[in-house]
file upload-v4.cif (mmCIF, C-alpha atoms)
data_my_file
loop_
_atom_site.label_atom_id
_atom_site.label_comp_id
_atom_site.auth_asym_id
_atom_site.auth_seq_id
_atom_site.Cartn_x
_atom_site.Cartn_y
_atom_site.Cartn_z
CA MET J 752 -42.98 -27.00 -26.36
CA LYS J 753 -40.28 -24.64 -27.58
CA SER J 754 -40.01 -23.05 -24.13
CA LYS J 755 -39.41 -26.48 -22.60
CA ALA J 756 -36.68 -27.23 -25.13
CA ILE J 757 -34.66 -24.30 -23.78
CA SER J 758 -34.34 -26.06 -20.42
CA TYR J 759 -33.06 -29.34 -21.86
CA PRO J 760 -29.34 -28.39 -21.72
CA TYR J 761 -29.74 -27.36 -18.09
CA VAL J 762 -31.61 -30.55 -17.21
CA GLY J 763 -28.92 -32.62 -18.94
CA TRP J 764 -26.16 -30.74 -17.12
CA MET J 765 -27.85 -31.25 -13.73
CA ALA J 766 -28.47 -34.92 -14.44
CA LEU J 767 -24.86 -35.55 -15.46
CA PHE J 768 -23.00 -33.50 -12.86
CA VAL J 769 -25.41 -33.43 -9.88
CA VAL J 770 -27.86 -36.33 -9.94
CA ALA J 771 -25.46 -38.95 -11.30
CA PRO J 772 -22.69 -38.30 -8.71
CA ILE J 773 -25.24 -38.44 -5.88
CA LEU J 774 -26.55 -41.76 -7.18
CA ILE J 775 -23.01 -43.15 -7.44
CA ILE J 776 -22.23 -42.04 -3.87
CA THR J 777 -25.47 -43.63 -2.65
CA VAL J 778 -24.65 -46.93 -4.36
CA TYR J 779 -21.12 -46.95 -2.92
CA ALA J 780 -22.43 -46.12 0.56
CA PHE J 781 -24.70 -49.17 0.62
CA THR J 782 -22.31 -51.66 -0.97
CA SER J 783 -19.13 -53.42 0.12
CA GLY J 784 -15.87 -53.88 -1.73
CA ALA J 785 -17.27 -57.13 -3.14
CA GLY J 786 -20.30 -55.33 -4.52
CA GLY J 787 -22.93 -56.71 -2.16
CA PHE J 788 -25.45 -54.73 -0.11
CA THR J 789 -24.26 -53.79 3.37
CA LEU J 790 -24.83 -51.33 6.19
CA ALA J 791 -21.37 -51.87 7.64
CA ASN J 792 -20.13 -48.60 6.14
CA PHE J 793 -22.54 -46.64 8.33
CA LYS J 794 -21.59 -48.70 11.41
CA ASP J 795 -17.90 -47.96 10.78
CA MET J 796 -18.68 -44.24 10.96
CA ALA J 797 -19.08 -44.54 14.75
CA GLN J 798 -15.31 -44.48 15.18
CA TYR J 799 -15.26 -40.98 13.67
CA ALA J 800 -17.99 -39.50 15.88
CA SER J 801 -15.50 -37.00 17.29
CA ALA J 802 -14.76 -35.70 13.78
CA PHE J 803 -18.48 -35.12 13.22
CA GLY J 804 -18.87 -33.26 16.50
CA ARG J 805 -15.71 -31.22 15.97
CA SER J 806 -16.71 -30.25 12.42
CA PHE J 807 -20.16 -29.03 13.41
CA LEU J 808 -18.84 -27.26 16.50
CA LEU J 809 -16.15 -25.32 14.61
CA ALA J 810 -18.59 -24.54 11.79
CA ALA J 811 -21.14 -23.24 14.32
CA VAL J 812 -18.50 -21.08 16.03
CA ALA J 813 -17.32 -19.67 12.69
CA THR J 814 -20.92 -18.97 11.66
CA ALA J 815 -21.64 -17.18 14.95
CA VAL J 816 -18.51 -15.04 14.61
CA CYS J 817 -19.41 -14.20 11.00
CA LEU J 818 -22.89 -13.14 12.15
CA LEU J 819 -21.53 -10.97 14.98
CA ILE J 820 -19.12 -9.26 12.60
CA GLY J 821 -21.16 -9.40 9.42
CA TYR J 822 -24.46 -7.95 10.62
CA PRO J 823 -23.01 -4.61 11.82
CA MET J 824 -20.97 -4.40 8.61
CA ALA J 825 -24.05 -5.03 6.46
CA TYR J 826 -26.09 -2.54 8.47
CA TYR J 827 -23.35 0.06 8.10
CA LEU J 828 -23.08 -0.53 4.34
CA ALA J 829 -26.84 -0.24 3.92
CA ARG J 830 -26.94 3.14 5.68
CA GLU J 831 -23.87 4.67 4.01
CA THR J 832 -23.81 6.25 0.56
CA GLY J 833 -21.28 7.73 -1.79
CA TRP J 834 -17.59 6.90 -1.74
CA VAL J 835 -17.70 5.41 1.77
CA HIS J 836 -20.22 2.82 0.61
CA ARG J 837 -18.22 2.02 -2.54
CA MET J 838 -14.93 1.75 -0.65
CA ALA J 839 -16.36 -0.50 2.07
CA THR J 840 -18.02 -2.75 -0.51
CA MET J 841 -14.77 -3.04 -2.45
CA LEU J 842 -12.82 -3.98 0.70
CA ILE J 843 -15.31 -6.75 1.43
CA MET J 844 -15.30 -8.09 -2.12
CA LEU J 845 -11.57 -7.68 -2.79
CA PRO J 846 -10.42 -10.90 -1.06
CA MET J 847 -12.95 -12.89 -3.10
CA TRP J 848 -11.15 -11.86 -6.30
CA MET J 849 -8.16 -13.90 -5.14
CA ASN J 850 -7.83 -17.66 -5.27
CA PHE J 851 -9.25 -19.44 -2.22
CA LEU J 852 -6.05 -21.39 -1.56
CA LEU J 853 -3.89 -18.27 -1.88
CA ARG J 854 -6.01 -16.50 0.73
CA THR J 855 -5.68 -19.44 3.08
CA TYR J 856 -1.93 -19.79 2.46
CA SER J 857 -1.49 -16.13 3.35
CA TRP J 858 -2.90 -16.78 6.82
CA LYS J 859 -0.58 -19.77 7.18
CA PHE J 860 2.43 -17.52 6.63
CA LEU J 861 1.03 -14.91 9.03
CA LEU J 862 0.27 -17.34 11.85
CA GLU J 863 3.32 -19.59 11.86
CA ARG J 864 5.91 -19.31 14.64
CA ASN J 865 8.27 -17.26 12.45
CA GLY J 866 5.43 -15.41 10.75
CA LEU J 867 4.60 -11.74 10.58
CA ILE J 868 2.29 -11.69 13.61
CA ASN J 869 4.78 -13.37 15.92
CA ALA J 870 7.51 -11.09 14.56
CA PHE J 871 5.36 -8.09 15.51
CA PHE J 872 4.80 -9.41 19.04
CA GLY J 873 8.53 -10.09 19.26
CA LEU J 874 9.17 -6.36 18.97
CA PHE J 875 7.53 -6.02 22.40
CA GLY J 876 9.27 -9.06 23.87
CA LEU J 877 6.20 -11.27 23.56
CA GLY J 878 5.83 -14.72 22.05
CA PRO J 879 6.31 -16.59 19.92
CA PHE J 880 2.75 -17.88 20.27
CA GLN J 881 1.46 -21.15 18.88
CA MET J 882 -1.24 -19.92 16.51
CA ILE J 883 -0.88 -22.22 13.52
CA ASP J 884 -2.09 -25.85 13.69
CA THR J 885 -4.84 -24.97 16.16
CA GLN J 886 -8.62 -25.02 16.06
CA GLY J 887 -8.60 -21.25 16.52
CA ALA J 888 -6.62 -20.89 13.29
CA ILE J 889 -9.20 -23.04 11.49
CA VAL J 890 -12.06 -20.86 12.75
CA LEU J 891 -10.12 -17.76 11.72
CA GLY J 892 -9.66 -19.16 8.22
CA MET J 893 -13.36 -19.97 7.97
CA VAL J 894 -14.38 -16.50 9.13
CA TYR J 895 -11.98 -14.77 6.76
CA ASN J 896 -13.00 -16.80 3.72
CA PHE J 897 -16.75 -16.97 4.31
CA LEU J 898 -17.52 -13.59 5.94
CA PRO J 899 -18.64 -11.98 2.64
CA TYR J 900 -21.30 -14.72 2.31
CA MET J 901 -22.80 -13.44 5.55
CA VAL J 902 -22.51 -9.73 4.80
CA LEU J 903 -23.94 -9.66 1.28
CA PRO J 904 -27.30 -11.42 1.89
CA ILE J 905 -27.99 -9.29 4.98
CA PHE J 906 -26.96 -6.13 3.14
CA SER J 907 -29.23 -7.02 0.21
CA VAL J 908 -32.25 -7.45 2.50
CA ILE J 909 -31.65 -4.35 4.63
CA THR J 910 -31.35 -2.10 1.56
CA LYS J 911 -34.80 -3.29 0.43
CA ILE J 912 -36.52 -2.29 3.67
CA ASP J 913 -38.95 0.52 2.90
CA PRO J 914 -37.82 3.70 4.72
CA LYS J 915 -41.47 4.52 5.29
CA VAL J 916 -41.74 1.54 7.65
CA ILE J 917 -38.88 2.93 9.76
CA GLU J 918 -40.42 6.40 9.67
CA ALA J 919 -43.75 4.95 10.80
CA ALA J 920 -42.07 3.29 13.78
CA GLN J 921 -40.39 6.56 14.71
CA ASP J 922 -43.67 8.44 14.37
CA LEU J 923 -45.22 5.97 16.82
CA GLY J 924 -42.58 6.92 19.40
CA ALA J 925 -40.00 4.14 18.89
CA ASP J 926 -36.44 5.16 19.61
CA GLY J 927 -33.43 3.92 17.64
CA VAL J 928 -32.95 0.73 19.66
CA THR J 929 -36.64 -0.16 19.56
CA THR J 930 -36.83 0.54 15.83
CA PHE J 931 -33.91 -1.78 15.20
CA ARG J 932 -35.19 -4.50 17.54
CA ARG J 933 -38.84 -4.47 16.42
CA VAL J 934 -38.57 -3.43 12.77
CA ILE J 935 -35.17 -3.62 11.10
CA PHE J 936 -33.90 -6.87 12.61
CA PRO J 937 -37.14 -8.88 12.07
CA LEU J 938 -37.32 -7.69 8.46
CA SER J 939 -33.68 -8.62 7.90
CA LEU J 940 -34.05 -12.17 9.27
CA PRO J 941 -34.38 -13.76 5.79
CA GLY J 942 -30.96 -12.35 4.94
CA VAL J 943 -29.58 -13.51 8.30
CA LEU J 944 -30.83 -17.07 7.77
CA SER J 945 -29.53 -17.08 4.21
CA GLY J 946 -26.13 -15.89 5.43
CA ILE J 947 -26.04 -18.52 8.18
CA THR J 948 -26.76 -21.23 5.62
CA MET J 949 -24.16 -19.93 3.16
CA VAL J 950 -21.46 -19.83 5.86
CA PHE J 951 -22.30 -22.97 7.81
CA ILE J 952 -22.48 -25.39 4.87
CA PRO J 953 -19.01 -24.69 3.40
CA SER J 954 -17.54 -24.43 6.90
CA VAL J 955 -18.73 -27.87 7.97
CA SER J 956 -17.43 -29.51 4.79
CA THR J 957 -14.15 -27.65 4.27
CA PHE J 958 -10.89 -29.56 4.11
CA ALA J 959 -8.42 -27.09 2.61
CA ILE J 960 -8.67 -24.66 5.54
CA SER J 961 -8.30 -27.36 8.18
CA ARG J 962 -5.41 -28.98 6.30
CA LEU J 963 -3.44 -25.75 5.87
CA LEU J 964 -4.21 -24.03 9.17
CA GLY J 965 -4.97 -26.99 11.41
CA GLY J 966 -2.26 -29.34 10.22
CA SER J 967 -2.69 -33.00 11.08
CA LYS J 968 -3.85 -32.27 14.63
CA THR J 969 -7.48 -31.49 13.77
CA LEU J 970 -9.47 -34.03 11.76
CA LEU J 971 -12.66 -32.62 10.24
CA LEU J 972 -15.24 -34.26 8.02
CA GLY J 973 -13.78 -32.79 4.85
CA ASN J 974 -10.35 -34.20 5.69
CA LEU J 975 -11.88 -37.54 6.64
CA ILE J 976 -13.69 -37.85 3.30
CA ASP J 977 -10.56 -36.77 1.45
CA MET J 978 -8.61 -39.52 3.24
CA GLN J 979 -11.10 -42.16 2.17
CA PHE J 980 -10.93 -41.23 -1.51
CA LEU J 981 -7.38 -39.95 -1.98
CA GLY J 982 -5.43 -40.66 1.19
CA SER J 983 -3.70 -43.68 2.63
CA ALA J 984 -6.91 -44.95 4.28
CA TYR J 985 -8.47 -45.62 0.88
CA ASN J 986 -12.07 -46.75 1.33
CA PRO J 987 -14.49 -45.06 -1.10
CA HIS J 988 -17.43 -46.98 0.35
CA LEU J 989 -16.89 -45.55 3.82
CA GLY J 990 -16.16 -42.13 2.31
CA SER J 991 -19.42 -42.29 0.36
CA ALA J 992 -21.35 -43.22 3.51
CA ILE J 993 -19.86 -40.28 5.41
CA SER J 994 -20.60 -37.95 2.48
CA LEU J 995 -24.19 -39.18 2.25
CA VAL J 996 -24.85 -38.73 5.98
CA MET J 997 -23.29 -35.28 5.97
CA MET J 998 -25.36 -34.30 2.93
CA VAL J 999 -28.56 -35.42 4.67
CA ILE J 1000 -27.65 -33.47 7.83
CA VAL J 1001 -26.92 -30.34 5.79
CA MET J 1002 -30.21 -30.69 3.91
CA VAL J 1003 -32.08 -30.99 7.21
CA CYS J 1004 -30.36 -27.87 8.51
CA MET J 1005 -31.29 -26.00 5.33
CA ALA J 1006 -34.92 -27.16 5.62
CA VAL J 1007 -35.08 -25.93 9.22
CA MET J 1008 -33.56 -22.58 8.24
CA ASN J 1009 -36.00 -22.18 5.36
CA HIS J 1010 -38.91 -23.07 7.65
CA PHE J 1011 -38.02 -20.36 10.14
CA GLY J 1012 -37.29 -17.92 7.31
CA ASP J 1013 -40.72 -18.50 5.78
CA GLY J 1014 -42.30 -18.01 9.18
CA GLU J 1015 -40.92 -14.51 9.64
CA GLN J 1016 -43.70 -12.45 8.12
CA GLY J 1017 -44.69 -9.00 9.17
CA VAL J 1018 -43.64 -6.67 11.95
CA THR J 1019 -45.41 -5.81 15.19
CA LEU J 1020 -44.62 -2.59 17.00
#
call {"tool": "encode", "arguments": {"input": "upload-v4.cif", "output": "structure tokens"}}
result
Amino acid sequence: MKSKAISYPYVGWMALFVVAPILIITVYAFTSGAGGFTLANFKDMAQYASAFGRSFLLAAVATAVCLLIGYPMAYYLARETGWVHRMATMLIMLPMWMNFLLRTYSWKFLLERNGLINAFFGLFGLGPFQMIDTQGAIVLGMVYNFLPYMVLPIFSVITKIDPKVIEAAQDLGADGVTTFRRVIFPLSLPGVLSGITMVFIPSVSTFAISRLLGGSKTLLLGNLIDMQFLGSAYNPHLGSAISLVMMVIVMVCMAVMNHFGDGEQGVTL
């Protein structure tokens, strides 16, 4: 009984700040401004289908780029030791010590028409290029902010791979490429799937990055929800419906990822 009492503050915290907001959003999603039950909020979402598609597309692109960059970085960190390992780890973690908005603002100043990057190209008679207020700038902001969430889970899994397994593969005649393809990569898949989840979810729901780097030209789900609660198009019922649908989609994606992660057991040479 005493051991259960220790969990009561946590249960109360979760009930107040997690369960209660979800219940409120659910109630708002299925009610109208007059307070009656309705499904009109979900029907009204059809006009924003392009925002849904754009959000998931940009989030998928950012996740793929993070994986292409993050896996080699994690593999390199796992194999290095000494000061090289410590320096590389610090460089990856250093941006996370700064405020999220400050990091995003820095890219805004770099990418604008009179920014540092265009000034550099101007030295060679190139530009200025339109880099800010584009979908590419949004993906860049996502990759920059969420890349550590891809690197760290993969790095954590690779470092736990028993060196004897790799030695056994080499003793059986596997070269470096075969060892990576048949041993290291399959064993690191739980970290890969965890990294994909940790990057994709905040990418698909972000609104600060798209607002600062995409301007008003790119409407994503995060901006759409923000508009319904705080913007000129005030409609918390529609915003709650959009939030609820997005939450369900994200939960389904997480369940699929966890299913494939649980299915990756063992290695065949």
call {"tool": "residues_near_point", "arguments": {"input": "upload-v4.cif", "point": "(-20.7, -51.7, 4.1)", "cutoff": "12 Å", "atoms": "only C-alpha atoms", "output": "CSV table (one decimal) with C-alpha atoms, in the frame of the given file"}}
result
chain,number,residue,atom,x,y,z
J,777,THR,CA,-25.5,-43.6,-2.6
J,778,VAL,CA,-24.6,-46.9,-4.4
J,779,TYR,CA,-21.1,-47.0,-2.9
J,780,ALA,CA,-22.4,-46.1,0.6
J,781,PHE,CA,-24.7,-49.2,0.6
J,782,THR,CA,-22.3,-51.7,-1.0
J,783,SER,CA,-19.1,-53.4,0.1
J,784,GLY,CA,-15.9,-53.9,-1.7
J,785,ALA,CA,-17.3,-57.1,-3.1
J,786,GLY,CA,-20.3,-55.3,-4.5
J,787,GLY,CA,-22.9,-56.7,-2.2
J,788,PHE,CA,-25.4,-54.7,-0.1
J,789,THR,CA,-24.3,-53.8,3.4
J,790,LEU,CA,-24.8,-51.3,6.2
J,791,ALA,CA,-21.4,-51.9,7.6
J,792,ASN,CA,-20.1,-48.6,6.1
J,793,PHE,CA,-22.5,-46.6,8.3
J,794,LYS,CA,-21.6,-48.7,11.4
J,795,ASP,CA,-17.9,-48.0,10.8
J,796,MET,CA,-18.7,-44.2,11.0
J,986,ASN,CA,-12.1,-46.8,1.3
J,987,PRO,CA,-14.5,-45.1,-1.1
J,988,HIS,CA,-17.4,-47.0,0.4
J,989,LEU,CA,-16.9,-45.6,3.8
J,990,GLY,CA,-16.2,-42.1,2.3
J,991,SER,CA,-19.4,-42.3,0.4
J,992,ALA,CA,-21.4,-43.2,3.5
J,993,ILE,CA,-19.9,-40.3,5.4
call {"tool": "residues_near_point", "arguments": {"input": "upload-v4.cif", "point": "(-16.3, -30.1, 3.2)", "cutoff": "9 Å", "atoms": "all atoms listed in the file", "output": "MDAnalysis selection string"}}
result
chainID J and resid 952:959 971:974 976:977 994
call {"tool": "atom_distance", "arguments": {"input": "upload-v4.cif", "atom1": "atom CA of J:Leu874", "atom2": "atom CA of J:Thr855"}}
result
25.4 Å
call {"tool": "closest_residue", "arguments": {"input": "upload-v4.cif", "among": "J:Phe807, J:Phe980, J:Tyr822, J:Phe851", "to": "J:Tyr895", "atoms": "all atoms listed in the file"}}
result
J:Phe851
call {"tool": "resolve_selection", "arguments": {"input": "upload-v4.cif", "expression": "the PyMOL selection byres ((chain J and resi 903-916) around 10)", "output": "ChimeraX atom specification"}}
result
/J:818,821-830,840,843-844,898-902,917-922,930,934-936,938-947,949,1018
call {"tool": "write_last_selection", "arguments": {"input": "upload-v4.cif", "atoms": "C-alpha atoms", "output": "mmCIF file, in the coordinates of the input"}}
result
data_model
loop_
_atom_site.group_PDB
_atom_site.id
_atom_site.type_symbol
_atom_site.label_atom_id
_atom_site.label_comp_id
_atom_site.auth_asym_id
_atom_site.auth_seq_id
_atom_site.Cartn_x
_atom_site.Cartn_y
_atom_site.Cartn_z
ATOM 1 C CA LEU J 818 -22.890 -13.140 12.150
ATOM 2 C CA GLY J 821 -21.160 -9.400 9.420
ATOM 3 C CA TYR J 822 -24.460 -7.950 10.620
ATOM 4 C CA PRO J 823 -23.010 -4.610 11.820
ATOM 5 C CA MET J 824 -20.970 -4.400 8.610
ATOM 6 C CA ALA J 825 -24.050 -5.030 6.460
ATOM 7 C CA TYR J 826 -26.090 -2.540 8.470
ATOM 8 C CA TYR J 827 -23.350 0.060 8.100
ATOM 9 C CA LEU J 828 -23.080 -0.530 4.340
ATOM 10 C CA ALA J 829 -26.840 -0.240 3.920
ATOM 11 C CA ARG J 830 -26.940 3.140 5.680
ATOM 12 C CA THR J 840 -18.020 -2.750 -0.510
ATOM 13 C CA ILE J 843 -15.310 -6.750 1.430
ATOM 14 C CA MET J 844 -15.300 -8.090 -2.120
ATOM 15 C CA LEU J 898 -17.520 -13.590 5.940
ATOM 16 C CA PRO J 899 -18.640 -11.980 2.640
ATOM 17 C CA TYR J 900 -21.300 -14.720 2.310
ATOM 18 C CA MET J 901 -22.800 -13.440 5.550
ATOM 19 C CA VAL J 902 -22.510 -9.730 4.800
ATOM 20 C CA ILE J 917 -38.880 2.930 9.760
ATOM 21 C CA GLU J 918 -40.420 6.400 9.670
ATOM 22 C CA ALA J 919 -43.750 4.950 10.800
ATOM 23 C CA ALA J 920 -42.070 3.290 13.780
ATOM 24 C CA GLN J 921 -40.390 6.560 14.710
ATOM 25 C CA ASP J 922 -43.670 8.440 14.370
ATOM 26 C CA THR J 930 -36.830 0.540 15.830
ATOM 27 C CA VAL J 934 -38.570 -3.430 12.770
ATOM 28 C CA ILE J 935 -35.170 -3.620 11.100
ATOM 29 C CA PHE J 936 -33.900 -6.870 12.610
ATOM 30 C CA LEU J 938 -37.320 -7.690 8.460
ATOM 31 C CA SER J 939 -33.680 -8.620 7.900
ATOM 32 C CA LEU J 940 -34.050 -12.170 9.270
ATOM 33 C CA PRO J 941 -34.380 -13.760 5.790
ATOM 34 C CA GLY J 942 -30.960 -12.350 4.940
ATOM 35 C CA VAL J 943 -29.580 -13.510 8.300
ATOM 36 C CA LEU J 944 -30.830 -17.070 7.770
ATOM 37 C CA SER J 945 -29.530 -17.080 4.210
ATOM 38 C CA GLY J 946 -26.130 -15.890 5.430
ATOM 39 C CA ILE J 947 -26.040 -18.520 8.180
ATOM 40 C CA MET J 949 -24.160 -19.930 3.160
ATOM 41 C CA VAL J 1018 -43.640 -6.670 11.950
#
call {"tool": "resolve_selection", "arguments": {"input": "upload-v4.cif", "expression": "the PyMOL selection byres ((chain J and resi 811) around 10)", "output": "compact mmCIF listing (two decimals) with C-alpha atoms, keeping the file's coordinate frame"}}
result
# COMPACT_ATOMS: atom_id res chain seq x y z
CA ARG J 805 -15.71 -31.22 15.97
CA SER J 806 -16.71 -30.25 12.42
CA PHE J 807 -20.16 -29.03 13.41
CA LEU J 808 -18.84 -27.26 16.50
CA LEU J 809 -16.15 -25.32 14.61
CA ALA J 810 -18.59 -24.54 11.79
CA VAL J 812 -18.50 -21.08 16.03
CA ALA J 813 -17.32 -19.67 12.69
CA THR J 814 -20.92 -18.97 11.66
CA ALA J 815 -21.64 -17.18 14.95
CA VAL J 816 -18.51 -15.04 14.61
CA CYS J 817 -19.41 -14.20 11.00
CA VAL J 890 -12.06 -20.86 12.75
CA ILE J 947 -26.04 -18.52 8.18
CA VAL J 950 -21.46 -19.83 5.86
CA PHE J 951 -22.30 -22.97 7.81
CA ILE J 952 -22.48 -25.39 4.87
CA SER J 954 -17.54 -24.43 6.90
CA VAL J 955 -18.73 -27.87 7.97
